[in-house]
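Text of the file work34.txt, holding compact mmCIF, C-alpha atoms:
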# COMPACT_ATOMS: atom_id res chain seq x y z
CA MET V 10 173.56 222.17 221.18
CA ALA V 11 173.21 221.23 217.51
CA ASN V 12 175.40 223.12 215.07
CA ILE V 13 172.77 224.75 212.81
CA THR V 14 174.04 226.06 209.48
CA ALA V 15 172.68 228.98 207.46
CA ALA V 16 171.80 226.52 204.69
CA GLU V 17 169.63 224.49 207.08
CA VAL V 18 167.88 227.63 208.31
CA ASN V 19 167.22 228.73 204.74
CA LYS V 20 165.93 225.26 203.85
CA LEU V 21 163.45 225.34 206.75
CA ARG V 22 162.40 228.85 205.75
CA THR V 23 161.77 227.62 202.18
CA ILE V 24 159.71 224.69 203.45
CA THR V 25 157.61 226.67 205.93
CA GLY V 26 157.64 230.33 204.90
CA ALA V 27 158.44 231.30 208.52
CA GLY V 28 160.99 234.01 209.41
CA MET V 29 164.73 233.34 209.45
CA MET V 30 165.17 233.86 213.20
CA ASP V 31 162.08 231.81 214.02
CA CYS V 32 163.46 229.00 211.84
CA LYS V 33 166.87 229.16 213.50
CA LYS V 34 165.37 229.04 217.01
CA ALA V 35 163.12 226.13 216.07
CA LEU V 36 166.03 224.16 214.59
CA VAL V 37 168.15 224.79 217.67
CA GLU V 38 165.31 223.67 219.95
CA ALA V 39 164.72 220.60 217.77
CA GLU V 40 168.46 219.82 217.67
CA GLY V 41 168.44 219.93 213.88
CA ASP V 42 165.42 217.65 213.35
CA PHE V 43 163.34 219.25 210.57
CA ASP V 44 160.05 217.54 211.43
CA LYS V 45 160.34 218.56 215.09
CA ALA V 46 161.30 222.11 214.05
CA ILE V 47 158.20 222.39 211.86
CA GLU V 48 156.02 221.17 214.72
CA ILE V 49 157.64 223.69 217.08
CA LEU V 50 156.90 226.53 214.65
CA ARG V 51 153.28 225.46 214.33
CA LYS V 52 152.82 225.14 218.09
CA LYS V 53 154.08 228.71 218.42
CA GLY V 54 151.35 229.81 216.02
CA GLN V 55 153.48 230.11 212.91
CA LYS V 56 151.60 229.49 209.67
CA VAL V 57 153.68 226.92 207.82
CA ALA V 58 153.24 224.67 204.80
CA ALA V 59 151.23 221.54 205.66
CA ASN V 60 152.72 219.42 202.90
CA ARG V 61 156.39 218.64 203.44
CA ALA V 62 156.81 215.34 201.63
CA ASP V 63 158.64 216.85 198.66
CA ARG V 64 161.49 218.56 200.43
CA GLU V 65 164.05 215.79 199.91
CA SER V 66 163.78 215.99 196.12
CA SER V 67 166.69 217.73 194.38
CA GLU V 68 166.74 218.96 190.79
CA GLY V 69 165.29 217.26 187.73
CA ALA V 70 162.17 217.02 185.58
CA VAL V 71 158.73 215.83 186.67
CA ILE V 72 156.54 214.42 183.89
CA ALA V 73 152.91 213.23 183.91
CA VAL V 74 151.39 211.24 181.04
CA VAL V 75 148.00 209.62 180.46
CA ASN V 76 147.14 206.70 178.17
CA ALA V 77 145.07 207.10 174.99
CA ASP V 78 141.72 206.15 176.53
CA LYS V 79 142.28 208.36 179.60
CA THR V 80 141.87 205.52 182.10
CA ALA V 81 145.42 205.44 183.53
CA GLY V 82 148.32 207.78 184.02
CA VAL V 83 151.74 207.96 185.62
CA VAL V 84 153.85 210.76 187.03
CA ILE V 85 157.59 210.29 187.47
CA SER V 86 160.57 212.42 188.38
CA LEU V 87 163.94 212.06 186.69
CA ASN V 88 166.29 213.49 189.28
CA CYS V 89 169.72 215.05 188.88
CA GLU V 90 171.96 217.28 190.98
CA THR V 91 171.87 220.69 189.25
CA ASP V 92 169.36 222.99 187.64
CA PHE V 93 171.71 223.30 184.64
CA VAL V 94 171.29 219.61 183.79
CA ALA V 95 167.56 219.62 184.61
CA LYS V 96 166.90 222.29 181.96
CA ASN V 97 168.94 220.57 179.26
CA GLU V 98 166.76 219.63 176.27
CA SER V 99 168.15 216.09 176.00
CA PHE V 100 167.58 215.49 179.73
CA VAL V 101 163.93 216.59 179.48
CA LYS V 102 163.48 214.40 176.39
CA MET V 103 164.85 211.43 178.29
CA ALA V 104 162.44 212.15 181.14
CA ASN V 105 159.53 212.17 178.69
CA ASP V 106 160.77 208.93 177.10
CA PHE V 107 160.94 207.26 180.51
CA ALA V 108 157.45 208.54 181.37
CA ALA V 109 156.09 206.92 178.21
CA LEU V 110 157.68 203.62 179.25
CA ALA V 111 156.30 204.10 182.75
CA LEU V 112 152.76 204.03 181.33
CA GLU V 113 153.40 200.37 180.52
CA SER V 114 154.82 199.66 184.00
CA ALA V 115 153.08 198.85 187.27
CA THR V 116 156.04 199.77 189.49
CA LYS V 117 159.30 201.70 189.43
CA GLU V 118 161.21 198.40 189.43
CA GLU V 119 159.32 197.32 186.32
CA LEU V 120 160.17 200.63 184.65
CA LEU V 121 163.86 200.24 185.48
CA ALA V 122 163.87 196.86 183.72
CA LYS V 123 162.27 198.21 180.51
CA ASP V 124 164.28 198.32 177.28
CA TYR V 125 165.49 201.77 176.24
CA ASN V 126 167.44 201.75 172.96
CA GLY V 127 169.18 198.49 173.72
CA LEU V 128 169.82 199.15 177.40
CA THR V 129 167.53 198.78 180.37
CA VAL V 130 166.34 202.07 181.87
CA GLU V 131 168.51 201.31 184.91
CA GLU V 132 171.57 200.80 182.69
CA LYS V 133 170.81 204.02 180.82
CA LEU V 134 170.69 205.92 184.11
CA THR V 135 174.10 204.51 185.05
CA GLU V 136 175.47 205.43 181.62
CA GLN V 137 174.17 208.98 181.88
CA THR V 138 175.57 209.37 185.38
CA GLY V 139 179.00 208.67 183.88
CA VAL V 140 178.47 210.91 180.85
CA ILE V 141 177.04 213.91 182.73
CA GLY V 142 179.02 213.53 185.92
CA GLU V 143 175.95 213.83 188.12
CA LYS V 144 173.81 211.25 189.87
CA ILE V 145 170.81 210.57 187.60
CA GLU V 146 167.94 208.48 188.94
CA ILE V 147 164.20 207.87 188.82
CA GLY V 148 162.96 209.52 191.98
CA ALA V 149 159.18 209.37 192.26
CA PHE V 150 156.93 206.90 190.47
CA GLU V 151 153.17 207.27 190.93
CA ARG V 152 150.42 205.52 188.99
CA LEU V 153 146.70 206.37 188.95
CA GLU V 154 143.79 204.56 187.31
CA GLY V 155 140.16 205.59 187.05
CA ALA V 156 137.10 206.07 184.87
CA PHE V 157 138.72 209.27 183.56
CA VAL V 158 142.27 210.45 184.28
CA GLY V 159 143.70 213.87 183.49
CA SER V 160 147.11 215.44 184.04
CA TYR V 161 148.90 218.74 184.50
CA ILE V 162 152.59 219.68 184.30
CA HIS V 163 153.55 223.05 185.74
CA ALA V 164 155.88 225.24 183.68
CA GLY V 165 159.50 224.22 184.17
CA ASN V 166 158.66 220.56 184.88
CA ARG V 167 159.02 220.98 188.63
CA ILE V 168 155.50 219.85 189.59
CA ALA V 169 153.17 217.39 187.87
CA THR V 170 149.83 215.92 188.92
CA LEU V 171 147.25 213.32 187.96
CA VAL V 172 143.56 213.43 188.85
CA SER V 173 140.92 210.74 188.38
CA LEU V 174 137.20 211.42 188.01
CA SER V 175 134.25 209.06 188.40
CA GLY V 176 133.26 209.18 184.74
CA ASN V 177 133.93 210.51 181.24
CA ALA V 178 131.12 213.07 181.24
CA GLU V 179 130.98 216.05 178.89
CA GLY V 180 133.55 218.54 180.15
CA ALA V 181 135.46 215.89 182.12
CA GLU V 182 138.75 216.60 180.35
CA GLU V 183 138.76 220.29 181.25
CA ALA V 184 137.53 219.53 184.78
CA ALA V 185 140.26 216.95 185.35
CA ARG V 186 142.93 219.37 184.13
CA ASN V 187 141.58 222.17 186.33
CA VAL V 188 141.54 219.94 189.41
CA ALA V 189 145.02 218.65 188.56
CA MET V 190 146.15 222.29 188.40
CA GLN V 191 144.53 222.83 191.81
CA ALA V 192 146.45 219.89 193.25
CA ALA V 193 149.69 221.25 191.81
CA ALA V 194 149.14 224.72 193.25
CA MET V 195 147.63 223.90 196.65
CA ALA V 196 149.50 220.68 197.58
CA PRO V 197 146.69 218.83 199.39
CA ILE V 198 147.81 216.08 201.75
CA ALA V 199 144.84 213.80 200.96
CA LEU V 200 141.78 213.50 198.73
CA ASN V 201 139.31 213.92 201.59
CA GLU V 202 138.98 213.55 205.37
CA ASP V 203 139.14 209.75 205.17
CA GLY V 204 142.57 209.94 203.55
CA VAL V 205 144.20 211.82 206.45
CA ASP V 206 146.03 209.37 208.69
CA ALA V 207 145.25 209.15 212.40
CA ALA V 208 148.73 210.35 213.44
CA THR V 209 148.30 213.59 211.45
CA ILE V 210 144.86 214.19 212.98
CA GLU V 211 146.19 213.55 216.49
CA LYS V 212 149.09 215.95 215.88
CA GLU V 213 146.72 218.67 214.59
CA ILE V 214 144.50 218.31 217.66
CA GLU V 215 147.55 218.60 219.94
CA ILE V 216 148.81 221.71 218.11
CA ALA V 217 145.35 223.30 218.33
CA LYS V 218 145.17 222.52 222.06
CA ASP V 219 148.59 224.12 222.68
CA LEU V 220 147.46 227.28 220.90
CA LEU V 221 144.18 227.34 222.85
CA ARG V 222 146.09 227.03 226.13
CA GLN V 223 148.16 230.06 225.11
CA GLU V 224 144.87 231.91 224.58
CA GLY V 225 143.80 231.00 228.14
CA LYS V 226 140.96 228.64 227.26
CA PRO V 227 139.84 226.30 230.09
CA GLU V 228 141.42 222.84 229.95
CA ALA V 229 138.01 221.14 230.05
CA MET V 230 137.03 222.84 226.78
CA LEU V 231 140.18 222.11 224.82
CA ASP V 232 139.24 218.73 223.33
CA ASN V 233 135.93 219.91 221.88
CA ILE V 234 137.30 223.20 220.52
CA ALA V 235 140.38 221.51 219.05
CA LYS V 236 138.27 218.87 217.29
CA GLY V 237 136.12 221.66 215.92
CA LYS V 238 139.21 223.24 214.40
CA LEU V 239 139.85 220.05 212.43
CA GLY V 240 137.11 221.11 210.02
CA ARG V 241 139.25 224.06 208.94
CA PHE V 242 142.31 221.83 208.63
CA PHE V 243 140.42 219.44 206.35
CA LYS V 244 139.11 222.34 204.25
CA ASP V 245 142.60 223.73 203.74
CA ASN V 246 144.43 220.45 203.21
CA THR V 247 142.14 217.93 201.47
CA LEU V 248 141.63 218.30 197.73
CA VAL V 249 137.86 218.00 197.40
CA ASN V 250 137.23 220.37 200.33
CA GLN V 251 139.67 223.12 199.29
CA ASP V 252 138.35 226.37 197.82
CA TYR V 253 138.51 226.05 194.05
CA ILE V 254 141.32 228.36 192.89
CA LYS V 255 139.41 229.68 189.88
CA ASP V 256 136.24 230.46 191.90
CA ASN V 257 136.65 230.54 195.68
CA LYS V 258 132.86 230.57 196.16
CA LEU V 259 132.98 226.87 195.29
CA SER V 260 134.85 223.95 196.81
CA VAL V 261 136.66 221.64 194.38
CA SER V 262 133.91 219.07 194.90
CA GLU V 263 131.21 221.65 194.10
CA TYR V 264 133.10 222.81 191.00
CA VAL V 265 133.26 219.26 189.62
CA LYS V 266 129.53 218.78 190.27
CA SER V 267 128.86 222.02 188.39
CA VAL V 268 130.39 220.37 185.32
CA ASP V 269 128.22 217.26 185.74
CA ALA V 270 125.98 216.50 188.73
CA GLY V 271 127.20 212.91 188.96
CA LEU V 272 130.91 213.69 188.69
CA VAL V 273 133.26 213.28 191.68
CA VAL V 274 137.02 213.33 192.16
CA THR V 275 138.16 209.79 193.00
CA GLY V 276 141.92 210.22 193.36
CA PHE V 277 145.06 212.26 192.70
CA LYS V 278 148.84 211.97 192.63
CA ARG V 279 151.26 214.88 193.00
CA VAL V 280 155.04 214.93 192.58
CA ALA V 281 157.16 218.04 193.09
CA LEU V 282 160.81 218.97 193.31
CA ALA V 283 161.93 220.93 196.35

Take the structure in this file and express it as structure tokens.
Amino acid sequence: MANITAAEVNKLRTITGAGMMDCKKALVEAEGDFDKAIEILRKKGQKVAANRADRESSEGAVIAVVNADKTAGVVISLNCETDFVAKNESFVKMANDFAALALESATKEELLAKDYNGLTVEEKLTEQTGVIGEKIEIGAFERLEGAFVGSYIHAGNRIATLVSLSGNAEGAEEAARNVAMQAAAMAPIALNEDGVDAATIEKEIEIAKDLLRQEGKPEAMLDNIAKGKLGRFFKDNTLVNQDYIKDNKLSVSEYVKSVDAGLVVTGFKRVALA
């Protein structure tokens, strides 16, 4: 039997929102594997967070910036080990400086090679690791291009998002910011149904079938009913299909079209600290 610590149980609870005992039992059953534990909780009918990609991030600052003509943006995380360092004014300034350099970079490797006051960014990170006494590194690096790109940074620099729209229509700037705020708050796993990978869809169908079996539904009906439940999964977990947080009578897609009939969301990037 895996030796499950209280810290691991609390971490799973933070990720999923499930109860402490349910988390402990799931971790024991999964022999400490977090992904398996999350799947176990869901198969038992627990409502858990769908997006789990951010949980390995530690402390730091997440910054999103967009270029002057609003056609490209980047979001990066400057990671450290403690909240104390993450909130330091000079650390946040350095994160913003690196984000500005990232706008001129196609990849994280290109950013690391950029000049920063006579050192490369990579050398500066090494220097600061020695000065601060904590590991300092560029964690996430995401770039987004489009006809119009907007950004949003949540208070405290723990979450930042980029959203691209199909055009620079009147009201596009506010719309892009509002949708970026939506992506920050609701953590969609994809832009739309087409962006959800086959493995995730297969797993969702299997979870739905397990729950239907527990409800006593006939085996012959399970495939059709489970596939029908995918519609709800897509609505909850894909950006354009989610209920718009400022008016839940509209989907995000419908909100954007209310700004301009020809406007659509074409992409998004989201980075968050755990």

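In this comparison, which uses all atoms listed in the file, the residue of V:Leu220, V:Val205, V:Val94, V:Val83 approaching Gly155 in chain V most closely is V:Val83.
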
Long-range neighbours of range 231-242 of chain V as a PyMOL selection string, 8 Å cut-off, all atoms listed in the file, 3 positions minimum in chain: chain V and resi 210+213-215+217-218+221-222+226-228+245-246

Would you please work out which residue, of V:Ile85, V:Val265, V:Gln223, V:Gln137, is nearest to Ser99 in chain V when using only C-alpha atoms?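 Ranked by minimum distance to Ser99 in chain V, first place goes to V:Gln137.
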
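Excluding Ala193 in chain V itself and any same-chain residue fewer than 2 positions from it, the protein and nucleic acid residues within 10 Å of it, counting all atoms listed in the file, are Tyr161, Ile162, His163, Arg167, Ile168, Ala169, Thr170, Leu171, Asn187, Val188, Ala189, Met190, Gln191, Met195, Ala196, Pro197, Lys278, Arg279, Val280 and Ala281 of chain V.
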
Between CA of Leu134 in chain V and CA of Glu146 in chain V - distance in Å to one decimal: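 It comes out at 6.1 Å.
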
Kindly output range 71-99 of chain V as a CSV table (one decimal), keeping the file's coordinate frame, after building N, CA and C atoms.
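Contents of part_32.csv, freshly written:
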chain,number,residue,atom,x,y,z
V,71,VAL,N,159.9,216.6,186.3
V,71,VAL,CA,158.7,215.8,186.7
V,71,VAL,C,157.8,215.8,185.5
V,72,ILE,N,157.4,214.6,185.1
V,72,ILE,CA,156.5,214.4,183.9
V,72,ILE,C,155.3,213.6,184.2
V,73,ALA,N,154.1,214.0,183.8
V,73,ALA,CA,152.9,213.2,183.9
V,73,ALA,C,152.4,212.9,182.5
V,74,VAL,N,152.0,211.7,182.3
V,74,VAL,CA,151.4,211.2,181.0
V,74,VAL,C,150.2,210.4,181.3
V,75,VAL,N,149.2,210.4,180.3
V,75,VAL,CA,148.0,209.6,180.5
V,75,VAL,C,147.9,208.8,179.2
V,76,ASN,N,147.3,207.6,179.3
V,76,ASN,CA,147.1,206.7,178.2
V,76,ASN,C,146.0,207.2,177.2
V,77,ALA,N,145.9,206.6,176.1
V,77,ALA,CA,145.1,207.1,175.0
V,77,ALA,C,143.6,207.1,175.4
V,78,ASP,N,143.1,206.1,176.2
V,78,ASP,CA,141.7,206.2,176.5
V,78,ASP,C,141.4,206.8,177.9
V,79,LYS,N,142.4,207.5,178.4
V,79,LYS,CA,142.3,208.4,179.6
V,79,LYS,C,141.8,207.6,180.8
V,80,THR,N,142.3,206.3,180.9
V,80,THR,CA,141.9,205.5,182.1
V,80,THR,C,143.0,205.2,183.0
V,81,ALA,N,144.3,205.6,182.7
V,81,ALA,CA,145.4,205.4,183.5
V,81,ALA,C,146.5,206.5,183.2
V,82,GLY,N,147.2,206.8,184.2
V,82,GLY,CA,148.3,207.8,184.0
V,82,GLY,C,149.4,207.5,185.0
V,83,VAL,N,150.6,208.0,184.7
V,83,VAL,CA,151.7,208.0,185.6
V,83,VAL,C,152.4,209.3,185.7
V,84,VAL,N,153.0,209.6,186.9
V,84,VAL,CA,153.8,210.8,187.0
V,84,VAL,C,155.2,210.3,187.6
V,85,ILE,N,156.3,210.7,187.0
V,85,ILE,CA,157.6,210.3,187.5
V,85,ILE,C,158.5,211.5,187.6
V,86,SER,N,159.5,211.4,188.4
V,86,SER,CA,160.6,212.4,188.4
V,86,SER,C,161.9,211.8,188.0
V,87,LEU,N,162.6,212.4,187.0
V,87,LEU,CA,163.9,212.1,186.7
V,87,LEU,C,164.8,213.1,187.4
V,88,ASN,N,165.5,212.6,188.4
V,88,ASN,CA,166.3,213.5,189.3
V,88,ASN,C,167.7,213.6,188.9
V,89,CYS,N,168.3,214.8,189.1
V,89,CYS,CA,169.7,215.0,188.9
V,89,CYS,C,170.2,216.0,190.0
V,90,GLU,N,171.4,216.5,189.9
V,90,GLU,CA,172.0,217.3,191.0
V,90,GLU,C,171.9,218.8,190.8
V,91,THR,N,171.8,219.2,189.5
V,91,THR,CA,171.9,220.7,189.2
V,91,THR,C,170.8,221.1,188.3
V,92,ASP,N,170.4,222.4,188.5
V,92,ASP,CA,169.4,223.0,187.6
V,92,ASP,C,169.8,223.1,186.2
V,93,PHE,N,171.1,223.2,186.0
V,93,PHE,CA,171.7,223.3,184.6
V,93,PHE,C,171.4,222.0,183.8
V,94,VAL,N,171.6,220.9,184.5
V,94,VAL,CA,171.3,219.6,183.8
V,94,VAL,C,169.8,219.4,183.6
V,95,ALA,N,169.0,219.8,184.6
V,95,ALA,CA,167.6,219.6,184.6
V,95,ALA,C,166.9,220.4,183.4
V,96,LYS,N,167.5,221.5,183.0
V,96,LYS,CA,166.9,222.3,182.0
V,96,LYS,C,167.4,221.9,180.6
V,97,ASN,N,168.4,221.0,180.5
V,97,ASN,CA,168.9,220.6,179.3
V,97,ASN,C,167.9,219.8,178.4
V,98,GLU,N,167.8,220.2,177.1
V,98,GLU,CA,166.8,219.6,176.3
V,98,GLU,C,166.8,218.1,176.2
V,99,SER,N,168.0,217.5,176.1
V,99,SER,CA,168.2,216.1,176.0
V,99,SER,C,167.7,215.4,177.3
